[in-house]
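Engineer: Dropping the structure in here first, questions after.
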Amino acid sequence: MKTNFALVIAGIAALVALPFLLSQGLVNAAIQMLVAALFACAYNLLCGQAGMLSFGHAAYFGCGAFGTVHAMNAIGGAGLLPTPLLPLAGAACGLAIGVLAGWFATKRTGTYFAMITLAIAELLHSLAPHLKGLFGGEAGVSTMRMPAWGLDFGSTTQVYYLTLAWVCVSVALLFLYTRTPMGRLTYGLRENGHRLRFLGYEVHGLSTMVFAISAMFSGIAGSLQVIGNEAANYVVFDPSLSAAVVLNTYIGGVKVFLGPALGAAVMTFFGYAVSDLTQSWLLYQGILFVLVMMFMPSGLAGLFGTTSRLVQRFGVVRVIPLVLLSVSAALLLSAGGAFVVELLQRVFSQDYRAVASLAADGVLPPVALFGRTWAPTSPATWLVPVALILGGGILAWLGRKRLQRLAQQPDTPDASAPSPITSEGAAA
């Protein structure tokens with residue numbers, strides 16, 4: 001527990017120092033990362049902790065966003081609330097819509113519940129462009145941050161710290177909720193709702209309350225997005241946003257409290273970094289999601305947890321070769337896969353086909369990739385990704401064999417690492 005607390009404090013300290021280390025453009029990306037992290041944590045309360053898979057959580061993110069933009073434009077543009085308190089408007093809108101939608105959606109479970117949440121989000125997404133008085137049509141609604149509490153909120157840095165403060169408070173409240181009796185009952189919904197009903201609990205009311213709380217914090221995330229962008233558009237109801245929060249949550253790990261925040265942070269910066277380099281960045285996101293679901297169902301946070309348990313059991317010295325083999329295998333496989341995807345993307349692009357059609361001899365022209373040109377019809381070109389993938393596969397096989405050998409050997413925990421008994425006692 002002390003180790004986890006120290007890591008959280010270190011993470012918060014790093015986030016506080018971030019504006020001094022990054023450019024203004026990257027600080028804006030950090031704001032989007034924080035918003036995505038809060039949205040993922042709010043979604044995980046419903047999906048990971050309560051076991052209710054929602055496919056339309058963008059509805060409550062969007063309601064919080066539009067509630068905030070109207071609060072900012074209220075009273076002749078002076079604002080219904082001071083700028084630092086505007087997320088309360090998003091929370092109120094998310095909670096109100098969450099109670100209403102949750103009451104209907106939680107009458108069903110499993111696939112039926114997921115389809116109802118999707119239908120609610122699609123209904124809002126389709127109605128929003130036509131309700132111009134409320135959602136501003138296709139142009140959306142614009143606003144402006146007003147000075148408050150001695151701050152003008154005109155700089156990206158001030159908006160970043162406001163967002164960071166609200167995200168930290170919201171995540172802390174979500175964590176405290178898991179420690180309450182109701183939070184314990186939320187886990188019971190995931191494990192066995194029928195047993196809770198047998199014990200006399202009002203399962204439908206509990207499910208509605210959990211749904212509403214998740215929607216409330218999703219509304220806060222939408223509010224922070226509006227404060228940063230000073231505008232809201234019906235695009236916030238888009239199904240792609242609902243899909244993104246599901247992807248972020250599962251990539252990070254639904255069984256670890258801060259796992260979704262980790263997934264959201266990684267995928268947000270992945271999008272910012274890779275989208276400028278390639279047109280196939282959404283394909284890479286999809287591939288990453290599939291690989292995580294197939295080989296790391298506990299997510300990235302679960303991977304770190306597994307590595308920590310291996311260190312406690314076998315010691316750092318015996319685990320380091322396994323980690324090096326795994327990382328090297330992942331890098332080689334990623335490089336080989338990226339080579340194939342990028343080469344095929346360029347070969348099948350319209351611009352390349354137009355140039356190839358002008359070739360007099362019918363020979364495909366070379367493709368510029370990774371700082372040099374490659375002949376698509378040359379066997380040497382395709383030997384590069386084959387060698388990378390083959391080398392990565394061999395290293396992965398060696399890593400698996402080493403893990404099997406470690407499992408057959410007696411435990412020799414590192415002297416500096418805490419023992420499992422101590423860790424379990426601290427966790428308890």
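Ligands are numbered from 1 in the order shown, chains are lettered A, B, ... in the order of the structure tokens, and residues start at 1 in each chain.
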What residues in range 44-177 of chain A get the DSSP label alpha helix (DSSP H)? Please answer as a compact mmCIF listing (two decimals) with N, CA and C atoms, in the first residue's frame.

Structural biologist:
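What ended up in out29.txt:
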```txt
# COMPACT_ATOMS: atom_id res chain seq x y z
N ASN A 44 -15.00 2.90 -16.15
CA ASN A 44 -14.60 1.64 -15.51
C ASN A 44 -15.41 1.35 -14.25
N ALA A 58 -20.61 7.90 -24.41
CA ALA A 58 -20.38 9.25 -24.93
C ALA A 58 -21.61 10.14 -24.71
N ALA A 59 -22.78 9.54 -24.51
CA ALA A 59 -24.00 10.33 -24.29
C ALA A 59 -23.87 11.21 -23.06
N TYR A 60 -23.28 10.70 -21.99
CA TYR A 60 -23.18 11.43 -20.73
C TYR A 60 -21.99 12.37 -20.74
N PHE A 61 -20.94 11.99 -21.46
CA PHE A 61 -19.83 12.91 -21.73
C PHE A 61 -20.34 14.12 -22.48
N GLY A 62 -21.16 13.89 -23.52
CA GLY A 62 -21.70 14.98 -24.32
C GLY A 62 -22.68 15.84 -23.55
N CYS A 63 -23.53 15.23 -22.72
CA CYS A 63 -24.49 16.01 -21.93
C CYS A 63 -23.75 16.93 -20.95
N GLY A 64 -22.69 16.41 -20.35
CA GLY A 64 -21.88 17.26 -19.48
C GLY A 64 -21.22 18.40 -20.24
N ALA A 65 -20.81 18.12 -21.47
CA ALA A 65 -20.17 19.15 -22.29
C ALA A 65 -21.15 20.26 -22.64
N PHE A 66 -22.34 19.90 -23.10
CA PHE A 66 -23.31 20.93 -23.49
C PHE A 66 -23.90 21.63 -22.27
N GLY A 67 -24.05 20.91 -21.16
CA GLY A 67 -24.49 21.59 -19.94
C GLY A 67 -23.51 22.66 -19.51
N THR A 68 -22.22 22.39 -19.67
CA THR A 68 -21.19 23.36 -19.29
C THR A 68 -21.15 24.54 -20.24
N VAL A 69 -21.28 24.28 -21.54
CA VAL A 69 -21.20 25.39 -22.49
C VAL A 69 -22.38 26.34 -22.33
N HIS A 70 -23.54 25.82 -21.98
CA HIS A 70 -24.69 26.70 -21.73
C HIS A 70 -24.53 27.43 -20.40
N ALA A 71 -23.91 26.78 -19.41
CA ALA A 71 -23.64 27.46 -18.15
C ALA A 71 -22.64 28.59 -18.34
N MET A 72 -21.68 28.41 -19.25
CA MET A 72 -20.69 29.45 -19.51
C MET A 72 -21.31 30.64 -20.24
N ASN A 73 -22.34 30.39 -21.06
CA ASN A 73 -22.99 31.46 -21.82
C ASN A 73 -24.15 32.09 -21.08
N PRO A 87 -17.24 22.65 -13.91
CA PRO A 87 -17.47 21.19 -14.00
C PRO A 87 -18.64 20.71 -13.14
N LEU A 88 -19.07 21.49 -12.15
CA LEU A 88 -20.26 21.10 -11.38
C LEU A 88 -21.49 21.08 -12.27
N ALA A 89 -21.55 21.99 -13.25
CA ALA A 89 -22.67 21.98 -14.19
C ALA A 89 -22.65 20.71 -15.03
N GLY A 90 -21.46 20.31 -15.48
CA GLY A 90 -21.35 19.07 -16.24
C GLY A 90 -21.71 17.87 -15.40
N ALA A 91 -21.32 17.89 -14.11
CA ALA A 91 -21.66 16.78 -13.22
C ALA A 91 -23.16 16.69 -13.02
N ALA A 92 -23.84 17.84 -12.85
CA ALA A 92 -25.29 17.83 -12.65
C ALA A 92 -26.02 17.30 -13.88
N CYS A 93 -25.59 17.72 -15.07
CA CYS A 93 -26.24 17.24 -16.29
C CYS A 93 -25.98 15.75 -16.49
N GLY A 94 -24.74 15.32 -16.29
CA GLY A 94 -24.44 13.90 -16.43
C GLY A 94 -25.22 13.05 -15.45
N LEU A 95 -25.35 13.53 -14.20
CA LEU A 95 -26.09 12.79 -13.19
C LEU A 95 -27.57 12.70 -13.54
N ALA A 96 -28.16 13.82 -13.98
CA ALA A 96 -29.59 13.83 -14.30
C ALA A 96 -29.90 12.88 -15.45
N ILE A 97 -29.13 12.97 -16.53
CA ILE A 97 -29.37 12.09 -17.67
C ILE A 97 -29.01 10.66 -17.32
N GLY A 98 -28.00 10.47 -16.48
CA GLY A 98 -27.60 9.13 -16.08
C GLY A 98 -28.67 8.42 -15.28
N VAL A 99 -29.35 9.15 -14.38
CA VAL A 99 -30.43 8.55 -13.60
C VAL A 99 -31.55 8.11 -14.52
N LEU A 100 -31.92 8.99 -15.46
CA LEU A 100 -33.03 8.67 -16.37
C LEU A 100 -32.67 7.50 -17.28
N ALA A 101 -31.51 7.58 -17.93
CA ALA A 101 -31.11 6.51 -18.85
C ALA A 101 -30.80 5.22 -18.11
N GLY A 102 -30.16 5.35 -16.93
CA GLY A 102 -29.80 4.16 -16.17
C GLY A 102 -31.00 3.40 -15.67
N TRP A 103 -32.07 4.12 -15.32
CA TRP A 103 -33.27 3.44 -14.82
C TRP A 103 -33.84 2.50 -15.88
N PHE A 104 -33.82 2.96 -17.15
CA PHE A 104 -34.31 2.10 -18.23
C PHE A 104 -33.30 1.01 -18.60
N ALA A 105 -32.03 1.41 -18.73
CA ALA A 105 -31.03 0.47 -19.23
C ALA A 105 -30.79 -0.69 -18.27
N GLY A 110 -26.46 -7.86 -19.44
CA GLY A 110 -25.71 -8.51 -20.52
C GLY A 110 -25.82 -7.77 -21.84
N THR A 111 -26.05 -8.52 -22.90
CA THR A 111 -26.10 -7.96 -24.25
C THR A 111 -27.24 -6.97 -24.40
N TYR A 112 -28.37 -7.24 -23.76
CA TYR A 112 -29.51 -6.34 -23.87
C TYR A 112 -29.20 -4.98 -23.25
N PHE A 113 -28.51 -4.98 -22.11
CA PHE A 113 -28.09 -3.73 -21.48
C PHE A 113 -27.17 -2.95 -22.41
N ALA A 114 -26.19 -3.63 -23.00
CA ALA A 114 -25.25 -2.96 -23.90
C ALA A 114 -25.97 -2.35 -25.09
N MET A 115 -26.96 -3.06 -25.64
CA MET A 115 -27.68 -2.55 -26.80
C MET A 115 -28.55 -1.35 -26.43
N ILE A 116 -29.12 -1.35 -25.23
CA ILE A 116 -29.92 -0.21 -24.80
C ILE A 116 -29.05 1.03 -24.66
N THR A 117 -27.87 0.89 -24.06
CA THR A 117 -26.97 2.04 -23.92
C THR A 117 -26.53 2.55 -25.29
N LEU A 118 -26.30 1.65 -26.22
CA LEU A 118 -25.93 2.07 -27.57
C LEU A 118 -27.08 2.82 -28.23
N ALA A 119 -28.30 2.33 -28.03
CA ALA A 119 -29.46 2.98 -28.64
C ALA A 119 -29.67 4.39 -28.07
N ILE A 120 -29.47 4.56 -26.77
CA ILE A 120 -29.62 5.89 -26.16
C ILE A 120 -28.60 6.86 -26.74
N ALA A 121 -27.36 6.43 -26.86
CA ALA A 121 -26.33 7.29 -27.42
C ALA A 121 -26.60 7.62 -28.88
N GLU A 122 -27.06 6.65 -29.65
CA GLU A 122 -27.37 6.89 -31.06
C GLU A 122 -28.55 7.84 -31.19
N LEU A 123 -29.51 7.74 -30.28
CA LEU A 123 -30.66 8.65 -30.31
C LEU A 123 -30.22 10.09 -30.10
N LEU A 124 -29.37 10.32 -29.11
CA LEU A 124 -28.86 11.67 -28.88
C LEU A 124 -28.01 12.16 -30.05
N HIS A 125 -27.19 11.27 -30.59
CA HIS A 125 -26.32 11.64 -31.71
C HIS A 125 -27.13 12.03 -32.94
N SER A 126 -28.24 11.36 -33.17
CA SER A 126 -29.06 11.67 -34.35
C SER A 126 -29.95 12.89 -34.13
N LEU A 127 -30.37 13.14 -32.89
CA LEU A 127 -31.24 14.29 -32.61
C LEU A 127 -30.47 15.59 -32.48
N LYS A 132 -31.29 22.69 -32.84
CA LYS A 132 -30.29 23.76 -32.92
C LYS A 132 -30.31 24.67 -31.70
N GLY A 133 -31.47 24.85 -31.11
CA GLY A 133 -31.53 25.71 -29.95
C GLY A 133 -30.76 25.16 -28.77
N LEU A 134 -30.64 23.86 -28.68
CA LEU A 134 -29.96 23.22 -27.55
C LEU A 134 -28.54 22.83 -27.88
N PHE A 135 -28.34 22.29 -29.09
CA PHE A 135 -27.02 21.76 -29.45
C PHE A 135 -26.32 22.57 -30.55
N THR A 156 -2.90 28.22 -21.84
CA THR A 156 -3.08 26.77 -21.80
C THR A 156 -2.61 26.19 -20.48
N THR A 157 -1.59 26.81 -19.89
CA THR A 157 -1.06 26.30 -18.62
C THR A 157 -2.09 26.41 -17.51
N GLN A 158 -2.80 27.53 -17.43
CA GLN A 158 -3.82 27.68 -16.40
C GLN A 158 -4.95 26.68 -16.59
N VAL A 159 -5.35 26.46 -17.83
CA VAL A 159 -6.39 25.47 -18.12
C VAL A 159 -5.90 24.07 -17.75
N TYR A 160 -4.63 23.81 -17.99
CA TYR A 160 -4.07 22.49 -17.64
C TYR A 160 -4.16 22.25 -16.14
N TYR A 161 -3.76 23.23 -15.35
CA TYR A 161 -3.79 23.03 -13.89
C TYR A 161 -5.22 22.93 -13.37
N LEU A 162 -6.14 23.66 -13.96
CA LEU A 162 -7.55 23.52 -13.58
C LEU A 162 -8.04 22.11 -13.89
N THR A 163 -7.70 21.61 -15.07
CA THR A 163 -8.09 20.26 -15.46
C THR A 163 -7.44 19.23 -14.55
N LEU A 164 -6.16 19.40 -14.25
CA LEU A 164 -5.45 18.47 -13.37
C LEU A 164 -6.09 18.43 -11.99
N ALA A 165 -6.46 19.59 -11.46
CA ALA A 165 -7.07 19.63 -10.12
C ALA A 165 -8.39 18.86 -10.11
N TRP A 166 -9.23 19.09 -11.12
CA TRP A 166 -10.52 18.40 -11.16
C TRP A 166 -10.36 16.91 -11.40
N VAL A 167 -9.40 16.53 -12.21
CA VAL A 167 -9.18 15.10 -12.46
C VAL A 167 -8.69 14.41 -11.19
N CYS A 168 -7.77 15.03 -10.47
CA CYS A 168 -7.26 14.42 -9.24
C CYS A 168 -8.37 14.28 -8.21
N VAL A 169 -9.19 15.32 -8.04
CA VAL A 169 -10.28 15.26 -7.07
C VAL A 169 -11.29 14.19 -7.48
N SER A 170 -11.63 14.13 -8.76
CA SER A 170 -12.64 13.18 -9.24
C SER A 170 -12.14 11.75 -9.10
N VAL A 171 -10.90 11.50 -9.47
CA VAL A 171 -10.35 10.14 -9.36
C VAL A 171 -10.25 9.73 -7.88
N ALA A 172 -9.89 10.68 -7.02
CA ALA A 172 -9.83 10.38 -5.59
C ALA A 172 -11.22 10.02 -5.06
N LEU A 173 -12.25 10.75 -5.49
CA LEU A 173 -13.62 10.43 -5.06
C LEU A 173 -14.06 9.06 -5.58
N LEU A 174 -13.68 8.75 -6.81
CA LEU A 174 -14.01 7.42 -7.35
C LEU A 174 -13.32 6.33 -6.54
N PHE A 175 -12.08 6.58 -6.14
CA PHE A 175 -11.37 5.59 -5.34
C PHE A 175 -12.01 5.43 -3.96
N LEU A 176 -12.37 6.55 -3.34
CA LEU A 176 -13.02 6.48 -2.04
C LEU A 176 -14.36 5.76 -2.14
N TYR A 177 -15.03 5.93 -3.26
CA TYR A 177 -16.30 5.22 -3.45
C TYR A 177 -16.10 3.71 -3.40
```

Engineer: As a ChimeraX atom specification, please: the residues near Leu333 in chain A (cut-off 7 Å, only C-alpha atoms, same-chain neighbours under 2 positions excluded).

Structural biologist: /A:329-331,335-337,388-389,392

Engineer: To one decimal place in Å, what is the distance between CA of Leu369 in chain A and CA of Ile394 in chain A?

Structural biologist: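 Going from CA of Leu369 in chain A over to CA of Ile394 in chain A covers 25.8 Å.
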
Engineer: Skipping near chain neighbours, those fewer than 4 positions away, what residues fall within 9 Å of range 349-355 of chain A using only C-alpha atoms, listed as number ranges by chain?

Structural biologist: A: 344-345, 359, 364-365, 367

Engineer: Filtering to C-alpha atoms, could you give me those residues as a CSV table (one decimal), in the first residue's frame?

Structural biologist:
```
chain,number,residue,atom,x,y,z
A,344,LEU,CA,1.1,-1.9,-48.4
A,345,GLN,CA,-0.6,1.4,-47.5
A,359,ALA,CA,5.0,3.9,-66.0
A,364,LEU,CA,6.1,-0.6,-60.2
A,365,PRO,CA,8.0,2.5,-59.1
A,367,VAL,CA,8.3,3.5,-52.6
```

Engineer: With DSSP run on the backbone, what are the strand (DSSP E or B) residues within range 125-278 of chain A? I'd like them as a list in words.

Structural biologist: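 The residues of range 125-278 of chain A classed as strand (DSSP E or B) are Val141, Ser142, Ala148, Leu151, Ala231 and Ala232 of chain A.
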
Engineer: One number please: CA of Leu322 in chain A to CA of Ile251 in chain A, in Å, one decimal.

Structural biologist: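 According to the coordinates, CA of Leu322 in chain A and CA of Ile251 in chain A are separated by 22.2 Å.
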
Engineer: Could you check how far CA of Met267 in chain A sits from CA of Gln285 in chain A, in Å to one decimal?

Structural biologist: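 Here the two named atoms are 7.8 Å from each other.
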
Engineer: Can you tell me which residues surround Leu196 in chain A at a distance of at most 12 Å, considering only C-alpha atoms, apart from same-chain residues fewer than 6 positions away, and format the answer as a list in words?

Structural biologist: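 Counting only the stated atoms, we get Arg184, Leu185, Thr186, Tyr187, Gly188, Leu189, Arg190, Glu202, Val203, His204, Gly205, Leu206 and Ser207 of chain A.
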
Engineer: Give me a file of those residues, with N, CA and C atoms, as a compact mmCIF listing (two decimals), in the first residue's frame.

Structural biologist:
```txt
# COMPACT_ATOMS: atom_id res chain seq x y z
N ARG A 184 -18.44 -1.75 -2.31
CA ARG A 184 -18.29 -3.21 -2.20
C ARG A 184 -19.46 -3.92 -2.87
N LEU A 185 -20.66 -3.36 -2.71
CA LEU A 185 -21.82 -3.96 -3.37
C LEU A 185 -21.70 -3.84 -4.89
N THR A 186 -21.01 -2.80 -5.36
CA THR A 186 -20.80 -2.66 -6.81
C THR A 186 -20.03 -3.85 -7.36
N TYR A 187 -19.01 -4.29 -6.63
CA TYR A 187 -18.29 -5.49 -7.05
C TYR A 187 -19.21 -6.71 -7.02
N GLY A 188 -20.13 -6.71 -6.07
CA GLY A 188 -21.09 -7.82 -6.02
C GLY A 188 -21.97 -7.88 -7.24
N LEU A 189 -22.30 -6.73 -7.83
CA LEU A 189 -23.07 -6.73 -9.07
C LEU A 189 -22.32 -7.45 -10.17
N ARG A 190 -21.01 -7.25 -10.20
CA ARG A 190 -20.20 -7.90 -11.24
C ARG A 190 -20.08 -9.40 -11.00
N GLU A 202 -31.84 -4.27 -3.24
CA GLU A 202 -32.57 -3.78 -4.41
C GLU A 202 -31.55 -3.61 -5.54
N VAL A 203 -31.41 -4.66 -6.34
CA VAL A 203 -30.36 -4.69 -7.36
C VAL A 203 -30.60 -3.64 -8.43
N HIS A 204 -31.85 -3.45 -8.85
CA HIS A 204 -32.12 -2.46 -9.89
C HIS A 204 -31.79 -1.05 -9.41
N GLY A 205 -32.15 -0.73 -8.18
CA GLY A 205 -31.82 0.59 -7.64
C GLY A 205 -30.32 0.79 -7.51
N LEU A 206 -29.61 -0.25 -7.06
CA LEU A 206 -28.17 -0.17 -6.94
C LEU A 206 -27.52 0.02 -8.31
N SER A 207 -28.00 -0.73 -9.29
CA SER A 207 -27.45 -0.61 -10.64
C SER A 207 -27.69 0.78 -11.22
```

Engineer: Any idea what's packed within 10 Å of Phe269 in chain A, counting only C-alpha atoms, ignoring anything in its chain fewer than 4 positions away? Could you give it as number ranges by chain?

Structural biologist: A: 26, 29-30, 32-33, 264-265, 273-275
